[in-house]
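K.L.:
File final.csv follows (CSV, C-alpha atoms and all ligand atoms):
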chain,number,residue,atom,x,y,z
A,1,MET,CA,10.9,10.2,-24.7
A,2,ILE,CA,10.0,7.0,-22.9
A,3,TYR,CA,6.9,7.3,-20.8
A,4,SER,CA,7.0,5.3,-17.5
A,5,PHE,CA,4.3,3.0,-16.4
A,6,ALA,CA,6.8,1.4,-14.0
A,7,ASN,CA,5.5,2.8,-10.8
A,8,ASP,CA,3.2,5.3,-9.1
A,9,TYR,CA,5.8,7.5,-7.5
A,10,ALA,CA,7.5,8.9,-10.7
A,11,GLU,CA,5.9,12.3,-10.2
A,12,GLY,CA,6.2,14.9,-7.4
A,13,CYS,CA,3.1,15.9,-5.6
A,14,HIS,CA,-0.3,17.4,-6.4
A,15,PRO,CA,-0.1,21.2,-7.0
A,16,SER,CA,-2.3,22.0,-4.0
A,17,ILE,CA,0.3,20.4,-1.8
A,18,LEU,CA,3.1,22.2,-3.4
A,19,LYS,CA,1.2,25.5,-2.9
A,20,ALA,CA,0.4,24.7,0.8
A,21,LEU,CA,4.1,23.8,1.4
A,22,THR,CA,5.1,27.2,-0.2
A,23,ASP,CA,2.5,29.2,1.6
A,24,SER,CA,3.4,27.8,5.0
A,25,ASN,CA,7.2,27.7,4.4
A,26,ILE,CA,8.2,30.5,6.8
A,27,ILE,CA,5.6,29.9,9.5
A,28,GLN,CA,7.2,28.5,12.6
A,29,GLN,CA,5.8,25.3,13.9
A,30,ALA,CA,6.5,22.7,16.6
A,31,GLY,CA,8.7,19.8,15.6
A,32,TYR,CA,8.3,16.0,15.6
A,33,GLY,CA,4.6,16.0,14.5
A,34,ASP,CA,3.3,18.4,17.1
A,35,ASP,CA,2.7,21.1,14.4
A,36,GLU,CA,-0.8,22.3,13.7
A,37,TYR,CA,-1.0,20.8,10.2
A,38,THR,CA,-0.2,17.3,11.5
A,39,LYS,CA,-2.7,17.7,14.3
A,40,ASN,CA,-5.4,18.8,11.9
A,41,ALA,CA,-4.7,15.8,9.5
A,42,GLU,CA,-4.8,13.5,12.5
A,43,SER,CA,-8.1,14.8,13.6
A,44,ILE,CA,-9.6,14.4,10.1
A,45,ILE,CA,-8.3,10.7,10.1
A,46,ARG,CA,-10.0,10.2,13.5
A,47,GLN,CA,-13.3,11.6,12.1
A,48,LEU,CA,-13.1,9.5,8.9
A,49,THR,CA,-12.3,6.3,10.9
A,50,ALA,CA,-14.8,7.1,13.7
A,51,THR,CA,-12.1,6.2,16.2
A,52,ASP,CA,-9.9,7.8,18.8
A,53,ALA,CA,-6.9,6.3,16.9
A,54,GLU,CA,-3.4,7.4,17.4
A,55,VAL,CA,-1.9,8.6,14.1
A,56,HIS,CA,1.8,8.9,13.2
A,57,MET,CA,3.2,10.1,9.9
A,58,ILE,CA,6.2,8.0,8.7
A,59,ALA,CA,8.3,8.9,5.6
A,60,GLY,CA,8.1,5.6,3.7
A,61,GLY,CA,6.4,2.2,3.5
A,62,THR,CA,9.4,0.0,4.4
A,63,LEU,CA,10.1,2.2,7.5
A,64,ALA,CA,6.4,2.1,8.5
A,65,ASN,CA,6.3,-1.7,8.1
A,66,LEU,CA,9.5,-2.3,10.1
A,67,THR,CA,8.6,0.2,12.8
A,68,VAL,CA,5.1,-1.2,13.3
A,69,LEU,CA,6.1,-4.8,13.2
A,70,SER,CA,9.1,-4.5,15.5
A,71,SER,CA,7.0,-2.5,18.0
A,72,ILE,CA,4.4,-5.3,18.3
A,73,LEU,CA,6.5,-8.5,18.1
A,74,LYS,CA,8.3,-10.1,21.0
A,75,PRO,CA,11.8,-11.3,20.2
A,76,PHE,CA,10.6,-14.8,19.3
A,77,GLU,CA,7.5,-13.8,17.4
A,78,SER,CA,6.9,-13.7,13.7
A,79,VAL,CA,4.7,-12.2,11.1
A,80,VAL,CA,2.9,-14.1,8.3
A,81,ALA,CA,2.5,-12.5,4.9
A,82,ALA,CA,1.4,-13.7,1.5
A,83,THR,CA,4.2,-15.0,-0.7
A,84,THR,CA,3.7,-11.9,-2.8
A,85,GLY,CA,3.7,-9.6,0.3
A,86,HIS,CA,5.9,-6.5,0.1
A,87,ILE,CA,7.6,-7.3,3.4
A,88,TYR,CA,8.4,-10.8,2.2
A,89,VAL,CA,9.6,-10.0,-1.3
A,90,ASN,CA,10.6,-6.4,-1.6
A,91,GLU,CA,12.1,-5.0,1.6
A,92,THR,CA,15.6,-6.3,1.5
A,93,GLY,CA,15.0,-8.3,4.7
A,94,ALA,CA,14.1,-5.1,6.6
A,95,ILE,CA,11.7,-7.0,8.9
A,96,GLU,CA,14.1,-9.9,9.4
A,97,ALA,CA,16.8,-7.3,10.2
A,98,THR,CA,14.7,-6.3,13.3
A,99,GLY,CA,15.0,-9.9,14.5
A,100,HIS,CA,11.7,-11.3,13.3
A,101,LYS,CA,11.0,-14.0,10.9
A,102,VAL,CA,8.6,-13.3,8.0
A,103,GLU,CA,6.6,-16.5,7.3
A,104,ALA,CA,5.2,-16.8,3.8
A,105,ALA,CA,1.7,-18.2,3.0
A,106,PRO,CA,1.1,-19.2,-0.6
A,107,SER,CA,-1.6,-17.0,-2.2
A,108,LYS,CA,-2.6,-16.9,-5.9
A,109,ASP,CA,-4.3,-13.5,-5.7
A,110,GLY,CA,-2.2,-11.7,-3.2
A,111,LYS,CA,-4.8,-11.9,-0.4
A,112,LEU,CA,-4.7,-14.0,2.8
A,113,ARG,CA,-7.6,-16.0,4.1
A,114,PRO,CA,-7.9,-17.8,7.4
A,115,GLU,CA,-7.2,-21.2,5.8
A,116,ASP,CA,-3.8,-19.8,4.6
A,117,ILE,CA,-2.8,-18.9,8.1
A,118,ILE,CA,-3.9,-22.0,10.0
A,119,PRO,CA,-0.8,-24.0,9.0
A,120,PHE,CA,1.3,-21.4,10.9
A,121,LEU,CA,-0.6,-21.8,14.1
A,122,ASN,CA,-0.4,-24.7,16.6
A,123,LYS,CA,3.2,-25.6,15.5
A,124,ALA,CA,3.9,-29.1,16.7
A,125,ARG,CA,7.4,-28.1,18.0
A,126,GLY,CA,6.0,-25.4,20.4
A,127,HIS,CA,8.7,-23.2,21.8
A,128,HIS,CA,11.4,-24.6,19.5
A,129,VAL,CA,10.0,-22.5,16.6
A,130,VAL,CA,8.8,-19.0,16.2
A,131,ARG,CA,5.3,-18.0,17.3
A,132,THR,CA,3.2,-16.4,14.7
A,133,ARG,CA,1.7,-13.2,16.2
A,134,VAL,CA,0.9,-10.7,13.4
A,135,VAL,CA,-0.9,-11.2,10.1
A,136,TYR,CA,0.3,-8.7,7.5
A,137,ILE,CA,-1.9,-7.9,4.5
A,138,SER,CA,-1.9,-5.2,2.0
A,139,ASN,CA,-4.9,-3.5,0.4
A,140,SER,CA,-4.7,-3.1,-2.5
A,141,THR,CA,-2.4,-6.1,-2.7
A,142,GLU,CA,0.8,-6.4,-4.7
A,143,LEU,CA,-1.3,-7.9,-7.5
A,144,GLY,CA,-3.8,-5.0,-7.5
A,145,THR,CA,-6.6,-7.0,-5.9
A,146,VAL,CA,-8.8,-5.7,-3.1
A,147,TYR,CA,-10.4,-7.3,0.0
A,148,THR,CA,-14.2,-7.4,0.2
A,149,LYS,CA,-15.9,-6.6,3.4
A,150,GLN,CA,-16.8,-10.2,3.9
A,151,GLU,CA,-13.2,-11.3,3.4
A,152,LEU,CA,-11.8,-8.7,5.8
A,153,SER,CA,-14.5,-9.4,8.4
A,154,GLY,CA,-13.7,-13.2,8.2
A,155,LEU,CA,-10.0,-12.5,8.6
A,156,SER,CA,-10.5,-10.1,11.4
A,157,GLU,CA,-12.7,-12.6,13.3
A,158,PHE,CA,-10.2,-15.3,12.8
A,159,CYS,CA,-7.3,-13.1,14.1
A,160,LYS,CA,-9.3,-12.1,17.2
A,161,ALA,CA,-10.2,-15.7,17.9
A,162,ASN,CA,-6.5,-16.7,17.6
A,163,ASP,CA,-4.9,-13.8,19.4
A,164,LEU,CA,-3.3,-12.5,16.2
A,165,ILE,CA,-2.8,-8.8,15.4
A,166,LEU,CA,-4.1,-7.8,12.0
A,167,PHE,CA,-1.9,-5.2,10.3
A,168,MET,CA,-2.9,-3.7,6.9
A,169,ASP,CA,-0.2,-2.1,4.7
A,170,GLY,CA,-2.2,0.7,3.0
A,171,ALA,CA,0.4,2.1,0.7
A,172,ARG,CA,-2.3,1.9,-1.9
A,173,LEU,CA,-5.4,2.0,0.4
A,174,PRO,CA,-6.9,5.0,-1.4
A,175,MET,CA,-6.8,3.0,-4.7
A,176,ALA,CA,-8.4,0.0,-2.9
A,177,LEU,CA,-11.2,2.1,-1.4
A,178,THR,CA,-12.1,3.7,-4.7
A,179,ALA,CA,-12.0,0.5,-6.8
A,180,ALA,CA,-15.2,-0.5,-8.5
A,181,SER,CA,-15.4,-3.8,-6.6
A,182,ASN,CA,-14.7,-2.2,-3.2
A,183,ASP,CA,-17.4,-2.3,-0.5
A,184,LEU,CA,-15.2,-1.2,2.5
A,185,THR,CA,-15.0,2.3,4.0
A,186,LEU,CA,-12.1,3.7,6.0
A,187,ALA,CA,-14.2,3.3,9.1
A,188,ASP,CA,-14.6,-0.5,8.3
A,189,ILE,CA,-10.8,-0.8,7.9
A,190,ALA,CA,-10.4,0.8,11.3
A,191,ALA,CA,-13.0,-1.5,12.8
A,192,LEU,CA,-11.6,-4.7,11.3
A,193,THR,CA,-7.8,-4.2,11.7
A,194,ASP,CA,-5.6,-3.4,14.8
A,195,ILE,CA,-3.3,-1.1,12.9
A,196,PHE,CA,-3.1,0.1,9.3
A,197,TYR,CA,-1.7,2.9,7.2
A,198,LEU,CA,-3.1,5.3,4.7
A,199,GLY,CA,-0.6,5.8,1.9
A,200,GLY,CA,0.5,9.3,0.8
A,201,THR,CA,3.6,8.6,-1.3
A,202,LYS,CA,1.7,6.8,-4.1
A,203,CYS,CA,-1.4,8.9,-3.7
A,204,GLY,CA,-0.5,12.5,-4.5
A,205,ALA,CA,2.0,13.3,-1.7
A,206,LEU,CA,5.7,13.9,-2.1
A,207,LEU,CA,6.2,11.3,0.6
A,208,GLY,CA,4.5,10.0,3.8
A,209,GLU,CA,2.4,7.2,5.2
A,210,ALA,CA,-0.1,7.9,8.0
A,211,VAL,CA,0.0,5.0,10.4
A,212,VAL,CA,-3.3,4.6,12.3
A,213,ILE,CA,-3.2,2.7,15.5
A,214,VAL,CA,-6.7,1.5,16.5
A,215,ASN,CA,-5.9,-1.2,19.1
A,216,PRO,CA,-5.2,0.6,22.4
A,217,GLU,CA,-2.6,-2.0,23.4
A,218,LEU,CA,-0.5,-1.1,20.4
A,219,LYS,CA,-0.5,2.7,21.2
A,220,LYS,CA,1.5,2.2,24.3
A,221,ASP,CA,5.2,3.1,23.8
A,222,PHE,CA,4.8,3.4,20.0
A,223,LYS,CA,6.5,6.8,20.1
A,224,TYR,CA,9.6,5.3,21.7
A,225,HIS,CA,9.8,2.7,18.9
A,226,LEU,CA,9.3,5.5,16.3
A,227,LYS,CA,12.2,7.5,17.7
A,228,GLN,CA,14.5,4.6,18.1
A,229,ARG,CA,13.9,3.4,14.5
A,230,GLY,CA,14.7,6.8,13.2
A,231,ALA,CA,11.1,7.1,12.0
A,232,LEU,CA,10.2,10.2,14.0
A,233,THR,CA,10.8,13.2,11.7
A,234,ALA,CA,11.9,16.5,13.2
A,235,LYS,CA,10.1,18.4,10.3
A,236,GLY,CA,7.0,16.3,10.7
A,237,ARG,CA,5.1,19.3,9.4
A,238,SER,CA,6.3,18.3,5.9
A,239,MET,CA,4.1,15.2,6.0
A,240,GLY,CA,1.3,16.8,8.2
A,241,ILE,CA,0.7,19.5,5.7
A,242,GLN,CA,0.5,17.0,2.8
A,243,PHE,CA,-2.1,14.8,4.5
A,244,ASP,CA,-3.9,17.9,5.6
A,245,GLN,CA,-4.3,18.8,1.9
A,246,LEU,CA,-5.0,15.3,0.7
A,247,LEU,CA,-7.7,14.8,3.2
A,248,ARG,CA,-9.5,18.0,2.4
A,249,ASN,CA,-12.6,17.5,0.2
A,250,ASP,CA,-11.5,13.9,-0.3
A,251,LEU,CA,-8.7,14.9,-2.7
A,252,ILE,CA,-6.7,11.7,-1.9
A,253,PHE,CA,-9.7,9.6,-3.1
A,254,ASP,CA,-10.3,11.7,-6.2
A,255,LEU,CA,-6.6,11.2,-7.1
A,256,ALA,CA,-6.8,7.4,-6.5
A,257,ARG,CA,-10.0,7.2,-8.6
A,258,HIS,CA,-8.1,8.8,-11.4
A,259,ALA,CA,-5.2,6.3,-11.2
A,260,ASN,CA,-7.7,3.5,-11.2
A,261,LEU,CA,-9.6,4.9,-14.2
A,262,MET,CA,-6.4,5.2,-16.2
A,263,ALA,CA,-5.4,1.6,-15.4
A,264,SER,CA,-8.9,0.4,-16.4
A,265,LYS,CA,-8.6,2.2,-19.7
A,266,LEU,CA,-5.2,0.5,-20.3
A,267,SER,CA,-6.7,-2.8,-19.2
A,268,ASN,CA,-9.6,-2.4,-21.7
A,269,ALA,CA,-7.0,-1.7,-24.5
A,270,PHE,CA,-5.2,-5.0,-23.8
A,271,LYS,CA,-8.5,-6.9,-23.6
A,272,SER,CA,-9.9,-5.5,-26.8
A,273,SER,CA,-6.6,-6.4,-28.5
A,274,GLY,CA,-7.2,-10.0,-27.3
A,275,TYR,CA,-4.5,-10.2,-24.6
A,276,PRO,CA,-5.4,-12.0,-21.4
A,277,MET,CA,-4.6,-10.7,-17.9
A,278,LEU,CA,-2.7,-12.7,-15.3
A,279,ILE,CA,-5.2,-11.6,-12.7
A,280,ASP,CA,-8.3,-9.3,-12.7
A,281,SER,CA,-7.4,-6.0,-11.0
A,282,ASP,CA,-9.6,-2.9,-10.8
A,283,THR,CA,-7.0,-0.8,-9.1
A,284,ASN,CA,-4.0,1.0,-10.6
A,285,GLN,CA,-1.8,-2.0,-11.2
A,286,ILE,CA,-2.5,-4.3,-14.2
A,287,PHE,CA,-0.8,-7.5,-15.3
A,288,PRO,CA,-1.4,-8.3,-19.0
A,289,VAL,CA,0.2,-11.3,-20.7
A,290,LEU,CA,1.8,-10.6,-24.1
A,291,PRO,CA,4.0,-12.3,-26.7
A,292,ASN,CA,7.7,-11.3,-26.1
A,293,HIS,CA,8.0,-9.6,-29.5
A,294,ILE,CA,5.1,-7.2,-28.7
A,295,ILE,CA,6.7,-6.4,-25.3
A,296,GLN,CA,9.9,-5.5,-27.0
A,297,LYS,CA,8.1,-3.2,-29.4
A,298,LEU,CA,6.2,-1.5,-26.6
A,299,GLN,CA,9.5,-1.0,-24.7
A,300,ARG,CA,10.7,1.3,-27.4
A,301,LYS,CA,8.2,3.9,-26.2
A,302,TYR,CA,7.2,2.9,-22.7
A,303,SER,CA,8.8,1.5,-19.6
A,304,PHE,CA,7.2,-1.1,-17.3
A,305,LEU,CA,8.2,-4.1,-15.3
A,306,VAL,CA,8.4,-7.6,-16.8
A,307,TRP,CA,6.6,-9.3,-14.0
A,308,ASN,CA,7.3,-13.0,-14.8
A,309,ILE,CA,7.9,-15.4,-17.7
A,310,ILE,CA,4.8,-17.4,-18.7
A,311,ASP,CA,6.5,-19.6,-21.4
A,312,SER,CA,9.2,-19.3,-24.0
A,313,ASP,CA,7.2,-16.9,-26.1
A,314,HIS,CA,5.1,-15.0,-23.5
A,315,SER,CA,5.6,-12.9,-20.4
A,316,CYS,CA,3.4,-11.0,-18.0
A,317,ILE,CA,4.1,-7.3,-17.6
A,318,ARG,CA,3.0,-4.9,-14.9
A,319,LEU,CA,1.8,-1.4,-15.7
A,320,ILE,CA,1.1,1.1,-13.0
A,321,THR,CA,-0.8,4.4,-13.4
A,322,SER,CA,-0.7,7.3,-10.9
A,323,TRP,CA,-2.7,10.2,-9.8
A,324,ALA,CA,-0.9,12.2,-12.5
A,325,THR,CA,-1.1,9.9,-15.5
A,326,PRO,CA,-2.4,11.9,-18.4
A,327,GLU,CA,-5.4,10.4,-20.2
A,328,SER,CA,-3.8,11.5,-23.5
A,329,ILE,CA,-0.8,9.2,-22.8
A,330,VAL,CA,-3.1,6.3,-22.0
A,331,ASP,CA,-5.0,6.9,-25.3
A,332,LYS,CA,-1.7,7.0,-27.2
A,333,PHE,CA,-0.6,3.8,-25.5
A,334,ALA,CA,-3.9,2.1,-26.6
A,335,GLU,CA,-3.4,3.3,-30.2
A,336,ASP,CA,0.2,2.1,-30.2
A,337,LEU,CA,-0.9,-1.3,-28.8
A,338,SER,CA,-3.4,-1.7,-31.5
A,339,GLN,CA,-0.7,-1.1,-34.1
A,340,VAL,CA,2.1,-3.3,-32.9
B,1,LIG,C1,2.4,-2.3,-0.8
B,1,LIG,C2,3.7,-1.6,-0.5
B,1,LIG,N1,4.1,-1.5,0.8
B,1,LIG,C3,5.2,-0.9,1.1
B,1,LIG,C4,6.0,-0.3,0.1
B,1,LIG,C5,7.3,0.3,0.5
B,1,LIG,O1,7.4,1.6,0.3
B,1,LIG,P1,8.8,2.4,0.3
B,1,LIG,O2,9.4,2.2,-1.0
B,1,LIG,O3,8.3,3.8,0.6
B,1,LIG,O4,9.7,1.9,1.4
B,1,LIG,C6,5.6,-0.4,-1.2
B,1,LIG,C7,6.5,0.2,-2.3
B,1,LIG,O5,6.3,0.0,-3.5
B,1,LIG,C8,4.4,-1.1,-1.5
B,1,LIG,O6,4.0,-1.3,-2.8
Go ahead and render the structure in this file as structure tokens.
P.N.:
Amino acid sequence: MIYSFANDYAEGCHPSILKALTDSNIIQQAGYGDDEYTKNAESIIRQLTATDAEVHMIAGGTLANLTVLSSILKPFESVVAATTGHIYVNETGAIEATGHKVEAAPSKDGKLRPEDIIPFLNKARGHHVVRTRVVYISNSTELGTVYTKQELSGLSEFCKANDLILFMDGARLPMALTAASNDLTLADIAALTDIFYLGGTKCGALLGEAVVIVNPELKKDFKYHLKQRGALTAKGRSMGIQFDQLLRNDLIFDLARHANLMASKLSNAFKSSGYPMLIDSDTNQIFPVLPNHIIQKLQRKYSFLVWNIIDSDHSCIRLITSWATPESIVDKFAEDLSQV
């Protein structure tokens, strides 16, 4: 059997979620997120963020991104993202399909800094071109890197000073917040962004992203946007109950810590075999650079993404671990790597 390190959504959900779904199955609840599980999860998120944020559960990341962005932007406004940003590369033009341009800022490590955004402001052609209004970042980024408190504070101040909305895609926020190099809390994220989401799909849930709206101006009418985009789920309880479980006793963070630890074990295996990394990551995505013949041998037993071609003999691959990756498989991979 081929074991997959291709993504972090190859398994179902944590057993405690499955049990909670079963135990609550027949209990009647209100629809569209007005059920008691969702209400409870929302109030835990408000406690953890020390805010009176509005929280909405959305079934997937692309749907969350397009609903959030199209709710904020005027018809002629755009969003700026890193060239590696999920909305720029991997969402089939979903944002553009809502009528908004995604502007791409070059970034080597997946993060955006004020100097990356400056070229998109003060456009010389004024109203003849789109106006940049939202800064989209992800934490962890698509390269597995995380924002430091200093970086996020700098970006937040810059956005405030330039009338820009800061939106954080947190599909892997639990992994970012439990990374060894992280110095941010969920309350910091809420204080420094206007709107963000806490990922469930990649963090132990069957599906679901919890969108947290901190900026009061963005709360207004959000429910209308949700409904119109098809993002308001009648059986919202299915996501509410999952976040309710994930947020109890910090389960979501324990699961993310496990995913990070498994990735760091894989990373050490590559490093001790003398293979370099494209980029340093202490979250659950790693990017080793290997000779192509080694990649081919590993592919007989494991699946992963070939990220990019380095030269005629070498490529960079991406391996992702999840909340459910068994340590025994990681150990076996390390042994196989040392033998190929
Ligand atoms: C950072 C990030 N944002 C958003 C998404 C989109 O999520 P979905 O596949 O649920 O639409 C992904 C999916 O891989 C992602 O990695």
K.L.:
Considering all atoms listed in the file, can you say which of A:Ser315, A:Ser153, A:Thr145, A:Asn308 comes closest to Met175 in chain A?
P.N.:
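Looking at the shortest contact to Met175 in chain A, the residue is A:Thr145.
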K.L.:
List as JSON, numbers by chain the protein and nucleic acid residues lying within 10 Å of ligand LIG 1 (chain B), with all atoms listed in the file counted.
P.N.:
{"A": [7, 8, 9, 58, 59, 60, 61, 62, 63, 64, 65, 66, 84, 85, 86, 87, 90, 91, 94, 137, 138, 139, 140, 141, 142, 143, 144, 168, 169, 170, 171, 172, 173, 197, 199, 200, 201, 202, 207, 208, 209]}
K.L.:
Do a neighbour search on range 183-192 of chain A at 9 Å with only C-alpha atoms, toss out local chain neighbours closer than 2 positions, and write the hits as a ChimeraX atom specification.
P.N.:
/A:45,47-51,53,147-149,152-153,155-157,166,168,173,176-177,179-181,194-196,212-214
K.L.:
Just to be explicit: take each residue in the selection above, keep C-alpha atoms, and write the result as a compact mmCIF listing (two decimals), keeping the file's coordinate frame.
P.N.:
# COMPACT_ATOMS: atom_id res chain seq x y z
CA ILE A 45 -8.30 10.70 10.10
CA GLN A 47 -13.30 11.60 12.10
CA LEU A 48 -13.10 9.50 8.90
CA THR A 49 -12.30 6.30 10.90
CA ALA A 50 -14.80 7.10 13.70
CA THR A 51 -12.10 6.20 16.20
CA ALA A 53 -6.90 6.30 16.90
CA TYR A 147 -10.40 -7.30 0.00
CA THR A 148 -14.20 -7.40 0.20
CA LYS A 149 -15.90 -6.60 3.40
CA LEU A 152 -11.80 -8.70 5.80
CA SER A 153 -14.50 -9.40 8.40
CA LEU A 155 -10.00 -12.50 8.60
CA SER A 156 -10.50 -10.10 11.40
CA GLU A 157 -12.70 -12.60 13.30
CA LEU A 166 -4.10 -7.80 12.00
CA MET A 168 -2.90 -3.70 6.90
CA LEU A 173 -5.40 2.00 0.40
CA ALA A 176 -8.40 0.00 -2.90
CA LEU A 177 -11.20 2.10 -1.40
CA ALA A 179 -12.00 0.50 -6.80
CA ALA A 180 -15.20 -0.50 -8.50
CA SER A 181 -15.40 -3.80 -6.60
CA ASP A 194 -5.60 -3.40 14.80
CA ILE A 195 -3.30 -1.10 12.90
CA PHE A 196 -3.10 0.10 9.30
CA VAL A 212 -3.30 4.60 12.30
CA ILE A 213 -3.20 2.70 15.50
CA VAL A 214 -6.70 1.50 16.50
K.L.:
Please, what distance in Å, to one decimal, runs between CA of Pro326 in chain A and CA of Asp109 in chain A?
P.N.:
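We find that CA of Pro326 in chain A and CA of Asp109 in chain A lie 28.5 Å from each other.
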K.L.:
If you count all atoms listed in the file, which residues fall within 12 Å of range 262-266 of chain A, apart from same-chain ones fewer than 2 positions away, as a ChimeraX atom specification?
P.N.:
/A:5,7-8,144,175,179-180,255-260,268-273,275,277,280-288,318-338
K.L.:
Please produce an output containing C-alpha atoms for each residue in the selection, written as a CSV table (one decimal), in the coordinates of the input.
P.N.:
chain,number,residue,atom,x,y,z
A,5,PHE,CA,4.3,3.0,-16.4
A,7,ASN,CA,5.5,2.8,-10.8
A,8,ASP,CA,3.2,5.3,-9.1
A,144,GLY,CA,-3.8,-5.0,-7.5
A,175,MET,CA,-6.8,3.0,-4.7
A,179,ALA,CA,-12.0,0.5,-6.8
A,180,ALA,CA,-15.2,-0.5,-8.5
A,255,LEU,CA,-6.6,11.2,-7.1
A,256,ALA,CA,-6.8,7.4,-6.5
A,257,ARG,CA,-10.0,7.2,-8.6
A,258,HIS,CA,-8.1,8.8,-11.4
A,259,ALA,CA,-5.2,6.3,-11.2
A,260,ASN,CA,-7.7,3.5,-11.2
A,268,ASN,CA,-9.6,-2.4,-21.7
A,269,ALA,CA,-7.0,-1.7,-24.5
A,270,PHE,CA,-5.2,-5.0,-23.8
A,271,LYS,CA,-8.5,-6.9,-23.6
A,272,SER,CA,-9.9,-5.5,-26.8
A,273,SER,CA,-6.6,-6.4,-28.5
A,275,TYR,CA,-4.5,-10.2,-24.6
A,277,MET,CA,-4.6,-10.7,-17.9
A,280,ASP,CA,-8.3,-9.3,-12.7
A,281,SER,CA,-7.4,-6.0,-11.0
A,282,ASP,CA,-9.6,-2.9,-10.8
A,283,THR,CA,-7.0,-0.8,-9.1
A,284,ASN,CA,-4.0,1.0,-10.6
A,285,GLN,CA,-1.8,-2.0,-11.2
A,286,ILE,CA,-2.5,-4.3,-14.2
A,287,PHE,CA,-0.8,-7.5,-15.3
A,288,PRO,CA,-1.4,-8.3,-19.0
A,318,ARG,CA,3.0,-4.9,-14.9
A,319,LEU,CA,1.8,-1.4,-15.7
A,320,ILE,CA,1.1,1.1,-13.0
A,321,THR,CA,-0.8,4.4,-13.4
A,322,SER,CA,-0.7,7.3,-10.9
A,323,TRP,CA,-2.7,10.2,-9.8
A,324,ALA,CA,-0.9,12.2,-12.5
A,325,THR,CA,-1.1,9.9,-15.5
A,326,PRO,CA,-2.4,11.9,-18.4
A,327,GLU,CA,-5.4,10.4,-20.2
A,328,SER,CA,-3.8,11.5,-23.5
A,329,ILE,CA,-0.8,9.2,-22.8
A,330,VAL,CA,-3.1,6.3,-22.0
A,331,ASP,CA,-5.0,6.9,-25.3
A,332,LYS,CA,-1.7,7.0,-27.2
A,333,PHE,CA,-0.6,3.8,-25.5
A,334,ALA,CA,-3.9,2.1,-26.6
A,335,GLU,CA,-3.4,3.3,-30.2
A,336,ASP,CA,0.2,2.1,-30.2
A,337,LEU,CA,-0.9,-1.3,-28.8
A,338,SER,CA,-3.4,-1.7,-31.5
K.L.:
One number please: CA of Ala41 in chain A to CA of Phe243 in chain A, in Å, one decimal.
P.N.:
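Taking CA of Ala41 in chain A and CA of Phe243 in chain A, their separation equals 5.7 Å.
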K.L.:
Do a neighbour search on range 20-23 of chain A at 10 Å with only C-alpha atoms, toss out local chain neighbours closer than 2 positions, and write the hits as a list in words.
P.N.:
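That gives Pro15, Ser16, Ile17, Leu18, Asn25, Ile26, Ile27, Arg237, Ser238, Met239, Ile241, Gln242, Asp244 and Gln245 of chain A.
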K.L.:
Go ahead and compute the interatomic distance for CA of Gly126 in chain A and CA of Val102 in chain A, in Å to one decimal.
P.N.:
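According to the coordinates, CA of Gly126 in chain A and CA of Val102 in chain A are separated by 17.5 Å.
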K.L.:
I need the residue nearest Phe76 in chain A from this list: A:His314, A:Glu42, A:His127, A:Arg113. Use all atoms listed in the file for the distance.
P.N.:
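So, comparing all the options, the nearest one is A:His127.
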